[in-house]
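These notes are about the structure you will find just below.
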Amino acid sequence: MQYGICQLSIIPVRSTPAELVTQLLFGEHFKILECRKNWSRIKTIFDKCEGWIMNSQLFFIPEDEFNDIQAHKNKSYVTELISYVEDANQILTPILIGSCITNTPSLSVNFEGKLLSEPQPKENLVKTSLLYLNSPELKGGKSTFGIDNAGFVQMVYKINGYSILRSAQEQSTQGTALSFLEESETGDLAFFDNANGEINHVGIIIENNYVIHVNGKVRVDRLDHTGIFNNDIRIYTHQLRVIKKIV
């Protein structure tokens, strides 16, 4: 088995050369499952997501470093929208909110920004979510420059010290279901389904019956027992399926 770590600001992970399934942010580590001429298939450690990355963006680390990273349960995540790390040659690399600072020997950098390394109070989830407002929608995206609904929820929780899965369907299997919307608190998750009853959307509940989610961009809309009501176009855009309490 071989191992790697993301040494760039962001690396696309694809199911095919044309389809983005997720992204690696700086400091994320992974297992390398298969190497080919130009592409390697990897499996992320945080959420067990598999896909292909270009070999030109592949950065190997030794097994002992991988194990050391694994041994540290509380990772440190960047909380500012854009920051920089400096390597031993004083070369700067821009990094994004949610990047991980590990300081493993193969990726030793100097970072002077703000980090969170312990689970945060639930109310901090909403504060973090608002940093992503107006980020454009991008299927498979996990950054403020392009993000999907499940990636948005995952990143907000991750930065605050909570681990949830990658897709809305997977996330809906976690936590405790609530019987009524009135039982929810800010930071709980609302899941939505399509005409076939498949859960395909998720958002974070905020105060006063609103939800922050991704629909074209990260936005705030009304939430009721029917679903999400978009006040701009005056229609319901998503049908509510279930409310889940993760924290």
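Chains: A, B, ... in order of the structure tokens. Residues: from 1 per chain. Ligands: from 1, in order shown.
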
With the cut-off set at 9 Å and counting only C-alpha atoms, tabulate each residue of range 110-223 of chain A with an atom at most that distance from an atom of range 100-105 of chain A, showing the nearest atom pair and its distance in Å to one decimal, ordered by chain and increasing number, as CSV.
```
residue,atom,partner,partner_atom,distance
A:Asn110,CA,A:Asn103,CA,8.2
A:Phe111,CA,A:Ile101,CA,7.9
A:Leu115,CA,A:Ile101,CA,8.4
```

Could the residues in this selection be saved with all heavy atoms as a PDB file, in the first residue's frame?
```pdb
ATOM      1  N   ASN A 110       5.225  26.535   7.576  1.00  0.00           N
ATOM      2  CA  ASN A 110       4.963  27.527   8.609  1.00  0.00           C
ATOM      3  C   ASN A 110       3.605  28.158   8.332  1.00  0.00           C
ATOM      4  O   ASN A 110       3.339  28.615   7.219  1.00  0.00           O
ATOM      5  CB  ASN A 110       6.056  28.599   8.603  1.00  0.00           C
ATOM      6  CG  ASN A 110       5.826  29.658   9.667  1.00  0.00           C
ATOM      7  OD1 ASN A 110       5.496  29.347  10.803  1.00  0.00           O
ATOM      8  ND2 ASN A 110       5.994  30.919   9.290  1.00  0.00           N
ATOM      9  N   PHE A 111       2.739  28.160   9.346  1.00  0.00           N
ATOM     10  CA  PHE A 111       1.409  28.739   9.190  1.00  0.00           C
ATOM     11  C   PHE A 111       1.122  29.614  10.396  1.00  0.00           C
ATOM     12  O   PHE A 111       1.277  29.183  11.546  1.00  0.00           O
ATOM     13  CB  PHE A 111       0.347  27.636   9.083  1.00  0.00           C
ATOM     14  CG  PHE A 111      -1.057  28.171   8.995  1.00  0.00           C
ATOM     15  CD1 PHE A 111      -1.514  28.750   7.829  1.00  0.00           C
ATOM     16  CD2 PHE A 111      -1.914  28.105  10.091  1.00  0.00           C
ATOM     17  CE1 PHE A 111      -2.816  29.251   7.745  1.00  0.00           C
ATOM     18  CE2 PHE A 111      -3.207  28.599  10.018  1.00  0.00           C
ATOM     19  CZ  PHE A 111      -3.655  29.179   8.835  1.00  0.00           C
ATOM     20  N   LEU A 115      -6.563  28.494  13.559  1.00  0.00           N
ATOM     21  CA  LEU A 115      -6.872  27.079  13.435  1.00  0.00           C
ATOM     22  C   LEU A 115      -7.888  26.664  14.482  1.00  0.00           C
ATOM     23  O   LEU A 115      -7.946  27.229  15.578  1.00  0.00           O
ATOM     24  CB  LEU A 115      -5.613  26.224  13.625  1.00  0.00           C
ATOM     25  CG  LEU A 115      -4.494  26.351  12.585  1.00  0.00           C
ATOM     26  CD1 LEU A 115      -3.256  25.614  13.067  1.00  0.00           C
ATOM     27  CD2 LEU A 115      -4.948  25.801  11.247  1.00  0.00           C
TER      28      LEU A 115
END
```

Quick one: which range 134-228 of chain A residues come within 12 Å of range 84-95 of chain A, and what is the nearest atom pair for each with the distance in Å to one decimal, counting only C-alpha atoms, rows ordered by chain and ascending number, as CSV?
```
residue,atom,partner,partner_atom,distance
A:Ser143,CA,A:Ile95,CA,10.2
A:Thr144,CA,A:Ile95,CA,11.3
A:Phe145,CA,A:Ile95,CA,11.9
```

Now that the selection is made, can you save its residues with N, CA, C and O atoms as a short mmCIF file (atom, residue, chain, number, x, y, z; two decimals), in the first residue's frame?
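As written to disk, again.cif reads:
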```
data_model
loop_
_atom_site.label_atom_id
_atom_site.label_comp_id
_atom_site.auth_asym_id
_atom_site.auth_seq_id
_atom_site.Cartn_x
_atom_site.Cartn_y
_atom_site.Cartn_z
N SER A 143 -14.91 23.89 -1.85
CA SER A 143 -14.27 25.15 -1.48
C SER A 143 -15.20 26.31 -1.74
O SER A 143 -16.24 26.18 -2.37
N THR A 144 -14.80 27.48 -1.27
CA THR A 144 -15.59 28.69 -1.49
C THR A 144 -15.60 29.11 -2.96
O THR A 144 -16.38 29.97 -3.34
N PHE A 145 -14.75 28.50 -3.78
CA PHE A 145 -14.72 28.80 -5.21
C PHE A 145 -15.54 27.81 -6.02
O PHE A 145 -15.55 27.86 -7.25
#
```

Practice item. Go ahead and compute the interatomic distance for CA of Gly146 in chain A and CA of Asn196 in chain A, in Å to one decimal. Key: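 CA of Gly146 in chain A sits 27.2 Å away from CA of Asn196 in chain A.
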
Please identify the alpha helix (DSSP H) residues within range 1-167 of chain A (assignment by DSSP from backbone atoms) and present them as a PDB file with all heavy atoms, in the first residue's frame.
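Once everything was written out, this is selection-v2.pdb:
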```pdb
ATOM      1  N   GLU A  63       4.942   5.389   4.974  1.00  0.00           N
ATOM      2  CA  GLU A  63       3.897   4.768   5.777  1.00  0.00           C
ATOM      3  C   GLU A  63       3.940   5.233   7.228  1.00  0.00           C
ATOM      4  O   GLU A  63       2.895   5.428   7.854  1.00  0.00           O
ATOM      5  CB  GLU A  63       4.015   3.249   5.720  1.00  0.00           C
ATOM      6  CG  GLU A  63       2.914   2.523   6.475  1.00  0.00           C
ATOM      7  CD  GLU A  63       2.990   1.014   6.320  1.00  0.00           C
ATOM      8  OE1 GLU A  63       3.943   0.530   5.674  1.00  0.00           O
ATOM      9  OE2 GLU A  63       2.092   0.327   6.855  1.00  0.00           O
ATOM     10  N   ASP A  64       5.146   5.443   7.785  1.00  0.00           N
ATOM     11  CA  ASP A  64       5.217   5.861   9.184  1.00  0.00           C
ATOM     12  C   ASP A  64       4.632   7.262   9.386  1.00  0.00           C
ATOM     13  O   ASP A  64       3.985   7.525  10.403  1.00  0.00           O
ATOM     14  CB  ASP A  64       6.661   5.803   9.709  1.00  0.00           C
ATOM     15  CG  ASP A  64       7.625   6.685   8.933  1.00  0.00           C
ATOM     16  OD1 ASP A  64       7.314   7.087   7.794  1.00  0.00           O
ATOM     17  OD2 ASP A  64       8.719   6.976   9.482  1.00  0.00           O
ATOM     18  N   GLU A  65       4.812   8.146   8.401  1.00  0.00           N
ATOM     19  CA  GLU A  65       4.205   9.471   8.495  1.00  0.00           C
ATOM     20  C   GLU A  65       2.687   9.369   8.393  1.00  0.00           C
ATOM     21  O   GLU A  65       1.954  10.047   9.117  1.00  0.00           O
ATOM     22  CB  GLU A  65       4.731  10.394   7.395  1.00  0.00           C
ATOM     23  CG  GLU A  65       6.150  10.885   7.627  1.00  0.00           C
ATOM     24  CD  GLU A  65       6.548  11.949   6.640  1.00  0.00           C
ATOM     25  OE1 GLU A  65       5.673  12.739   6.210  1.00  0.00           O
ATOM     26  OE2 GLU A  65       7.733  12.003   6.265  1.00  0.00           O
ATOM     27  N   PHE A  66       2.221   8.524   7.480  1.00  0.00           N
ATOM     28  CA  PHE A  66       0.785   8.299   7.346  1.00  0.00           C
ATOM     29  C   PHE A  66       0.206   7.823   8.674  1.00  0.00           C
ATOM     30  O   PHE A  66      -0.834   8.313   9.128  1.00  0.00           O
ATOM     31  CB  PHE A  66       0.530   7.275   6.245  1.00  0.00           C
ATOM     32  CG  PHE A  66      -0.912   6.901   6.069  1.00  0.00           C
ATOM     33  CD1 PHE A  66      -1.728   7.636   5.228  1.00  0.00           C
ATOM     34  CD2 PHE A  66      -1.456   5.811   6.741  1.00  0.00           C
ATOM     35  CE1 PHE A  66      -3.069   7.291   5.063  1.00  0.00           C
ATOM     36  CE2 PHE A  66      -2.783   5.461   6.584  1.00  0.00           C
ATOM     37  CZ  PHE A  66      -3.592   6.205   5.744  1.00  0.00           C
ATOM     38  N   ASN A  67       0.874   6.880   9.312  1.00  0.00           N
ATOM     39  CA  ASN A  67       0.384   6.343  10.590  1.00  0.00           C
ATOM     40  C   ASN A  67       0.412   7.392  11.689  1.00  0.00           C
ATOM     41  O   ASN A  67      -0.470   7.423  12.554  1.00  0.00           O
ATOM     42  CB  ASN A  67       1.208   5.122  10.999  1.00  0.00           C
ATOM     43  CG  ASN A  67       0.959   3.930  10.085  1.00  0.00           C
ATOM     44  OD1 ASN A  67      -0.105   3.809   9.488  1.00  0.00           O
ATOM     45  ND2 ASN A  67       1.944   3.051   9.972  1.00  0.00           N
ATOM     46  N   ASP A  68       1.425   8.262  11.660  1.00  0.00           N
ATOM     47  CA  ASP A  68       1.490   9.338  12.657  1.00  0.00           C
ATOM     48  C   ASP A  68       0.319  10.307  12.487  1.00  0.00           C
ATOM     49  O   ASP A  68      -0.274  10.767  13.472  1.00  0.00           O
ATOM     50  CB  ASP A  68       2.816  10.103  12.534  1.00  0.00           C
ATOM     51  CG  ASP A  68       3.998   9.319  13.089  1.00  0.00           C
ATOM     52  OD1 ASP A  68       3.763   8.347  13.835  1.00  0.00           O
ATOM     53  OD2 ASP A  68       5.149   9.675  12.764  1.00  0.00           O
ATOM     54  N   ILE A  69      -0.007  10.632  11.234  1.00  0.00           N
ATOM     55  CA  ILE A  69      -1.153  11.510  10.979  1.00  0.00           C
ATOM     56  C   ILE A  69      -2.432  10.848  11.477  1.00  0.00           C
ATOM     57  O   ILE A  69      -3.277  11.479  12.113  1.00  0.00           O
ATOM     58  CB  ILE A  69      -1.259  11.842   9.472  1.00  0.00           C
ATOM     59  CG1 ILE A  69      -0.051  12.660   9.015  1.00  0.00           C
ATOM     60  CG2 ILE A  69      -2.550  12.614   9.187  1.00  0.00           C
ATOM     61  CD1 ILE A  69       0.014  12.853   7.508  1.00  0.00           C
ATOM     62  N   GLN A  70      -2.559   9.559  11.217  1.00  0.00           N
ATOM     63  CA  GLN A  70      -3.725   8.815  11.668  1.00  0.00           C
ATOM     64  C   GLN A  70      -3.859   8.825  13.182  1.00  0.00           C
ATOM     65  O   GLN A  70      -4.961   8.855  13.734  1.00  0.00           O
ATOM     66  CB  GLN A  70      -3.644   7.362  11.194  1.00  0.00           C
ATOM     67  CG  GLN A  70      -3.938   7.163   9.724  1.00  0.00           C
ATOM     68  CD  GLN A  70      -5.409   7.326   9.412  1.00  0.00           C
ATOM     69  OE1 GLN A  70      -5.896   8.443   9.237  1.00  0.00           O
ATOM     70  NE2 GLN A  70      -6.123   6.222   9.348  1.00  0.00           N
ATOM     71  N   ALA A  71      -2.735   8.792  13.865  1.00  0.00           N
ATOM     72  CA  ALA A  71      -2.745   8.699  15.330  1.00  0.00           C
ATOM     73  C   ALA A  71      -3.242   9.977  15.991  1.00  0.00           C
ATOM     74  O   ALA A  71      -3.713   9.944  17.131  1.00  0.00           O
ATOM     75  CB  ALA A  71      -1.346   8.361  15.844  1.00  0.00           C
ATOM     76  N   ASN A 124     -21.472  27.401  16.689  1.00  0.00           N
ATOM     77  CA  ASN A 124     -20.402  27.837  15.801  1.00  0.00           C
ATOM     78  C   ASN A 124     -20.592  27.313  14.378  1.00  0.00           C
ATOM     79  O   ASN A 124     -20.016  27.853  13.423  1.00  0.00           O
ATOM     80  CB  ASN A 124     -19.047  27.378  16.342  1.00  0.00           C
ATOM     81  CG  ASN A 124     -17.905  28.283  15.893  1.00  0.00           C
ATOM     82  OD1 ASN A 124     -17.937  29.479  16.143  1.00  0.00           O
ATOM     83  ND2 ASN A 124     -16.915  27.708  15.224  1.00  0.00           N
ATOM     84  N   LEU A 125     -21.414  26.259  14.223  1.00  0.00           N
ATOM     85  CA  LEU A 125     -21.675  25.717  12.893  1.00  0.00           C
ATOM     86  C   LEU A 125     -22.290  26.776  11.977  1.00  0.00           C
ATOM     87  O   LEU A 125     -21.913  26.892  10.806  1.00  0.00           O
ATOM     88  CB  LEU A 125     -22.606  24.507  12.997  1.00  0.00           C
ATOM     89  CG  LEU A 125     -22.036  23.255  13.656  1.00  0.00           C
ATOM     90  CD1 LEU A 125     -23.157  22.265  13.960  1.00  0.00           C
ATOM     91  CD2 LEU A 125     -20.984  22.610  12.757  1.00  0.00           C
ATOM     92  N   VAL A 126     -23.229  27.530  12.499  1.00  0.00           N
ATOM     93  CA  VAL A 126     -23.890  28.547  11.682  1.00  0.00           C
ATOM     94  C   VAL A 126     -22.914  29.658  11.325  1.00  0.00           C
ATOM     95  O   VAL A 126     -22.894  30.145  10.182  1.00  0.00           O
ATOM     96  CB  VAL A 126     -25.126  29.103  12.403  1.00  0.00           C
ATOM     97  CG1 VAL A 126     -25.738  30.252  11.614  1.00  0.00           C
ATOM     98  CG2 VAL A 126     -26.155  28.002  12.607  1.00  0.00           C
ATOM     99  N   LYS A 127     -22.078  30.071  12.266  1.00  0.00           N
ATOM    100  CA  LYS A 127     -21.087  31.109  11.989  1.00  0.00           C
ATOM    101  C   LYS A 127     -20.170  30.684  10.847  1.00  0.00           C
ATOM    102  O   LYS A 127     -19.870  31.469   9.940  1.00  0.00           O
ATOM    103  CB  LYS A 127     -20.265  31.405  13.243  1.00  0.00           C
ATOM    104  CG  LYS A 127     -21.060  32.012  14.388  1.00  0.00           C
ATOM    105  CD  LYS A 127     -20.180  32.209  15.615  1.00  0.00           C
ATOM    106  CE  LYS A 127     -20.973  32.756  16.794  1.00  0.00           C
ATOM    107  NZ  LYS A 127     -20.133  32.902  18.009  1.00  0.00           N
ATOM    108  N   THR A 128     -19.747  29.432  10.877  1.00  0.00           N
ATOM    109  CA  THR A 128     -18.879  28.933   9.814  1.00  0.00           C
ATOM    110  C   THR A 128     -19.623  28.859   8.489  1.00  0.00           C
ATOM    111  O   THR A 128     -19.091  29.227   7.437  1.00  0.00           O
ATOM    112  CB  THR A 128     -18.332  27.543  10.178  1.00  0.00           C
ATOM    113  OG1 THR A 128     -17.615  27.620  11.416  1.00  0.00           O
ATOM    114  CG2 THR A 128     -17.393  27.018   9.099  1.00  0.00           C
ATOM    115  N   SER A 129     -20.869  28.406   8.521  1.00  0.00           N
ATOM    116  CA  SER A 129     -21.635  28.252   7.279  1.00  0.00           C
ATOM    117  C   SER A 129     -21.802  29.579   6.554  1.00  0.00           C
ATOM    118  O   SER A 129     -21.788  29.636   5.316  1.00  0.00           O
ATOM    119  CB  SER A 129     -23.001  27.624   7.572  1.00  0.00           C
ATOM    120  OG  SER A 129     -23.862  28.531   8.249  1.00  0.00           O
ATOM    121  N   LEU A 130     -21.944  30.661   7.299  1.00  0.00           N
ATOM    122  CA  LEU A 130     -22.154  31.971   6.684  1.00  0.00           C
ATOM    123  C   LEU A 130     -20.913  32.479   5.947  1.00  0.00           C
ATOM    124  O   LEU A 130     -21.012  33.355   5.077  1.00  0.00           O
ATOM    125  CB  LEU A 130     -22.590  32.982   7.745  1.00  0.00           C
ATOM    126  CG  LEU A 130     -23.974  32.718   8.357  1.00  0.00           C
ATOM    127  CD1 LEU A 130     -24.240  33.672   9.507  1.00  0.00           C
ATOM    128  CD2 LEU A 130     -25.074  32.822   7.304  1.00  0.00           C
ATOM    129  N   ASN A 149     -23.921  20.727  -2.314  1.00  0.00           N
ATOM    130  CA  ASN A 149     -24.684  20.828  -1.069  1.00  0.00           C
ATOM    131  C   ASN A 149     -24.117  19.940   0.032  1.00  0.00           C
ATOM    132  O   ASN A 149     -23.976  20.369   1.173  1.00  0.00           O
ATOM    133  CB  ASN A 149     -26.166  20.529  -1.327  1.00  0.00           C
ATOM    134  CG  ASN A 149     -26.438  19.115  -1.772  1.00  0.00           C
ATOM    135  OD1 ASN A 149     -26.664  18.220  -0.980  1.00  0.00           O
ATOM    136  ND2 ASN A 149     -26.447  18.885  -3.082  1.00  0.00           N
ATOM    137  N   ALA A 150     -23.767  18.700  -0.290  1.00  0.00           N
ATOM    138  CA  ALA A 150     -23.233  17.803   0.727  1.00  0.00           C
ATOM    139  C   ALA A 150     -21.807  18.191   1.129  1.00  0.00           C
ATOM    140  O   ALA A 150     -21.417  18.075   2.295  1.00  0.00           O
ATOM    141  CB  ALA A 150     -23.268  16.358   0.228  1.00  0.00           C
ATOM    142  N   GLY A 151     -21.023  18.661   0.143  1.00  0.00           N
ATOM    143  CA  GLY A 151     -19.669  19.117   0.453  1.00  0.00           C
ATOM    144  C   GLY A 151     -19.684  20.323   1.370  1.00  0.00           C
ATOM    145  O   GLY A 151     -18.847  20.446   2.276  1.00  0.00           O
ATOM    146  N   PHE A 152     -20.632  21.215   1.152  1.00  0.00           N
ATOM    147  CA  PHE A 152     -20.794  22.388   2.013  1.00  0.00           C
ATOM    148  C   PHE A 152     -21.069  21.974   3.453  1.00  0.00           C
ATOM    149  O   PHE A 152     -20.407  22.425   4.395  1.00  0.00           O
ATOM    150  CB  PHE A 152     -21.924  23.256   1.467  1.00  0.00           C
ATOM    151  CG  PHE A 152     -22.454  24.285   2.422  1.00  0.00           C
ATOM    152  CD1 PHE A 152     -21.663  25.331   2.863  1.00  0.00           C
ATOM    153  CD2 PHE A 152     -23.766  24.218   2.881  1.00  0.00           C
ATOM    154  CE1 PHE A 152     -22.151  26.282   3.751  1.00  0.00           C
ATOM    155  CE2 PHE A 152     -24.270  25.157   3.760  1.00  0.00           C
ATOM    156  CZ  PHE A 152     -23.454  26.199   4.201  1.00  0.00           C
ATOM    157  N   VAL A 153     -22.035  21.089   3.636  1.00  0.00           N
ATOM    158  CA  VAL A 153     -22.384  20.625   4.988  1.00  0.00           C
ATOM    159  C   VAL A 153     -21.202  19.893   5.618  1.00  0.00           C
ATOM    160  O   VAL A 153     -20.867  20.105   6.785  1.00  0.00           O
ATOM    161  CB  VAL A 153     -23.628  19.721   4.936  1.00  0.00           C
ATOM    162  CG1 VAL A 153     -23.854  19.018   6.261  1.00  0.00           C
ATOM    163  CG2 VAL A 153     -24.857  20.546   4.558  1.00  0.00           C
ATOM    164  N   GLN A 154     -20.557  19.037   4.834  1.00  0.00           N
ATOM    165  CA  GLN A 154     -19.421  18.288   5.367  1.00  0.00           C
ATOM    166  C   GLN A 154     -18.302  19.222   5.821  1.00  0.00           C
ATOM    167  O   GLN A 154     -17.712  19.036   6.894  1.00  0.00           O
ATOM    168  CB  GLN A 154     -18.877  17.324   4.315  1.00  0.00           C
ATOM    169  CG  GLN A 154     -17.766  16.423   4.852  1.00  0.00           C
ATOM    170  CD  GLN A 154     -17.054  15.657   3.761  1.00  0.00           C
ATOM    171  OE1 GLN A 154     -16.470  16.251   2.855  1.00  0.00           O
ATOM    172  NE2 GLN A 154     -17.108  14.334   3.824  1.00  0.00           N
ATOM    173  N   MET A 155     -17.980  20.243   5.021  1.00  0.00           N
ATOM    174  CA  MET A 155     -16.895  21.144   5.371  1.00  0.00           C
ATOM    175  C   MET A 155     -17.219  21.962   6.615  1.00  0.00           C
ATOM    176  O   MET A 155     -16.357  22.155   7.488  1.00  0.00           O
ATOM    177  CB  MET A 155     -16.587  22.071   4.193  1.00  0.00           C
ATOM    178  CG  MET A 155     -15.949  21.386   2.999  1.00  0.00           C
ATOM    179  SD  MET A 155     -14.437  20.477   3.409  1.00  0.00           S
ATOM    180  CE  MET A 155     -13.417  21.792   4.064  1.00  0.00           C
ATOM    181  N   VAL A 156     -18.449  22.441   6.740  1.00  0.00           N
ATOM    182  CA  VAL A 156     -18.831  23.224   7.918  1.00  0.00           C
ATOM    183  C   VAL A 156     -18.681  22.373   9.181  1.00  0.00           C
ATOM    184  O   VAL A 156     -18.131  22.830  10.191  1.00  0.00           O
ATOM    185  CB  VAL A 156     -20.274  23.746   7.771  1.00  0.00           C
ATOM    186  CG1 VAL A 156     -20.774  24.327   9.094  1.00  0.00           C
ATOM    187  CG2 VAL A 156     -20.346  24.797   6.668  1.00  0.00           C
ATOM    188  N   TYR A 157     -19.141  21.150   9.115  1.00  0.00           N
ATOM    189  CA  TYR A 157     -19.006  20.257  10.267  1.00  0.00           C
ATOM    190  C   TYR A 157     -17.546  19.889  10.523  1.00  0.00           C
ATOM    191  O   TYR A 157     -17.088  19.841  11.669  1.00  0.00           O
ATOM    192  CB  TYR A 157     -19.852  18.994  10.049  1.00  0.00           C
ATOM    193  CG  TYR A 157     -21.262  19.116  10.585  1.00  0.00           C
ATOM    194  CD1 TYR A 157     -22.193  19.953   9.980  1.00  0.00           C
ATOM    195  CD2 TYR A 157     -21.669  18.404  11.714  1.00  0.00           C
ATOM    196  CE1 TYR A 157     -23.484  20.084  10.463  1.00  0.00           C
ATOM    197  CE2 TYR A 157     -22.956  18.522  12.211  1.00  0.00           C
ATOM    198  CZ  TYR A 157     -23.860  19.365  11.586  1.00  0.00           C
ATOM    199  OH  TYR A 157     -25.135  19.491  12.094  1.00  0.00           O
ATOM    200  N   LYS A 158     -16.810  19.616   9.455  1.00  0.00           N
ATOM    201  CA  LYS A 158     -15.408  19.212   9.588  1.00  0.00           C
ATOM    202  C   LYS A 158     -14.571  20.283  10.274  1.00  0.00           C
ATOM    203  O   LYS A 158     -13.788  19.991  11.183  1.00  0.00           O
ATOM    204  CB  LYS A 158     -14.845  18.911   8.201  1.00  0.00           C
ATOM    205  CG  LYS A 158     -13.379  18.500   8.179  1.00  0.00           C
ATOM    206  CD  LYS A 158     -12.946  18.267   6.735  1.00  0.00           C
ATOM    207  CE  LYS A 158     -11.496  17.843   6.648  1.00  0.00           C
ATOM    208  NZ  LYS A 158     -11.073  17.627   5.243  1.00  0.00           N
ATOM    209  N   ILE A 159     -14.732  21.533   9.837  1.00  0.00           N
ATOM    210  CA  ILE A 159     -13.958  22.637  10.418  1.00  0.00           C
ATOM    211  C   ILE A 159     -14.221  22.755  11.912  1.00  0.00           C
ATOM    212  O   ILE A 159     -13.338  23.120  12.690  1.00  0.00           O
ATOM    213  CB  ILE A 159     -14.306  23.956   9.687  1.00  0.00           C
ATOM    214  CG1 ILE A 159     -13.763  23.918   8.256  1.00  0.00           C
ATOM    215  CG2 ILE A 159     -13.753  25.168  10.428  1.00  0.00           C
ATOM    216  CD1 ILE A 159     -14.352  24.990   7.353  1.00  0.00           C
TER     217      ILE A 159
END
```

Exercise for review: Have a look at CA of Thr22 in chain A and CA of Ile10 in chain A and let me know their distance in Å, one decimal.
Suggested key: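 Calculated distance between CA of Thr22 in chain A and CA of Ile10 in chain A is 10.3 Å.
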
Review point. Which residues, written as a VMD selection string, have at least one atom at most 7 Å from His29 in chain A, with only C-alpha atoms counted and residues fewer than 4 positions away on the same chain left out?
Key: chain A and resid 4 to 6 44 to 45

Check your understanding: Which parts of range 47-205 of chain A does DSSP call strand (DSSP E or B) when run on the backbone here, written out as a VMD selection string?
Key -> chain A and resid 50 to 54 60 to 61 77 to 78 82 to 86 92 to 96 100 110 115 to 116 136 to 137 142 to 143 146 to 147 176 to 178 189 to 193 199 to 205

Store the residues picked out above, limited to C-alpha atoms, as a short mmCIF file (atom, residue, chain, number, x, y, z; two decimals), in the first residue's frame.
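So selection.cif came out as:
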```cif
data_model
loop_
_atom_site.label_atom_id
_atom_site.label_comp_id
_atom_site.auth_asym_id
_atom_site.auth_seq_id
_atom_site.Cartn_x
_atom_site.Cartn_y
_atom_site.Cartn_z
CA GLU A 50 -12.63 7.04 -4.00
CA GLY A 51 -11.58 8.59 -7.29
CA TRP A 52 -8.74 9.40 -9.67
CA ILE A 53 -6.17 12.18 -9.45
CA MET A 54 -3.48 13.15 -11.93
CA PHE A 60 3.82 10.43 -1.69
CA ILE A 61 4.52 10.17 2.02
CA TYR A 77 -8.31 23.09 10.32
CA VAL A 78 -7.90 26.55 8.79
CA ILE A 82 -7.83 32.25 2.21
CA SER A 83 -4.49 31.89 4.00
CA TYR A 84 -0.91 30.98 3.12
CA VAL A 85 1.64 28.43 4.22
CA GLU A 86 5.38 28.97 3.82
CA LEU A 92 4.13 30.67 -0.29
CA THR A 93 1.21 28.40 -1.16
CA PRO A 94 -2.36 29.75 -0.88
CA ILE A 95 -4.70 27.48 1.08
CA LEU A 96 -8.44 27.59 1.65
CA CYS A 100 -5.55 20.75 7.35
CA ASN A 110 4.96 27.53 8.61
CA LEU A 115 -6.87 27.08 13.43
CA LEU A 116 -9.54 24.99 15.13
CA PRO A 136 -20.91 29.08 -6.55
CA GLU A 137 -22.39 25.62 -6.88
CA LYS A 142 -15.54 21.56 -1.44
CA SER A 143 -14.27 25.15 -1.48
CA GLY A 146 -17.13 25.95 -5.97
CA ILE A 147 -19.05 23.60 -3.69
CA THR A 176 -30.93 11.03 15.19
CA ALA A 177 -34.13 11.75 13.28
CA LEU A 178 -36.52 14.35 14.68
CA LEU A 189 -29.49 19.12 9.15
CA ALA A 190 -32.51 19.10 6.86
CA PHE A 191 -32.62 16.47 4.10
CA PHE A 192 -34.69 16.63 0.94
CA ASP A 193 -35.72 14.06 -1.65
CA ILE A 199 -32.44 11.89 -0.76
CA ASN A 200 -30.42 14.22 -2.97
CA HIS A 201 -30.09 17.49 -1.04
CA VAL A 202 -29.12 18.73 2.41
CA GLY A 203 -28.90 22.06 4.22
CA ILE A 204 -28.07 23.47 7.64
CA ILE A 205 -30.94 24.81 9.73
#
```

Practice item. Excluding range 217-225 of chain A and residues on its chain fewer than 5 positions from it, collect all residues at most 6 Å away from it, counting only C-alpha atoms, and give them as a list in words. Key: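 Result of the neighbour search: Leu133, Asn134, Ser135, Pro136, Glu137, Asn209, Tyr210, Val211, Ile212 and Asn230 of chain A.
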
Practice item. Could you jot down the CA of His213 in chain A to CA of Thr79 in chain A separation for me, Å, one decimal place? Key: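 Going from CA of His213 in chain A over to CA of Thr79 in chain A covers 19.2 Å.
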
Review point. With only C-alpha atoms as the atoms that count, which of A:Val13, A:Ile243, A:Leu8, A:Val21 lies nearest to Gly140 in chain A?
Key: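 Using only C-alpha atoms, Gly140 in chain A sits closest to A:Val21.
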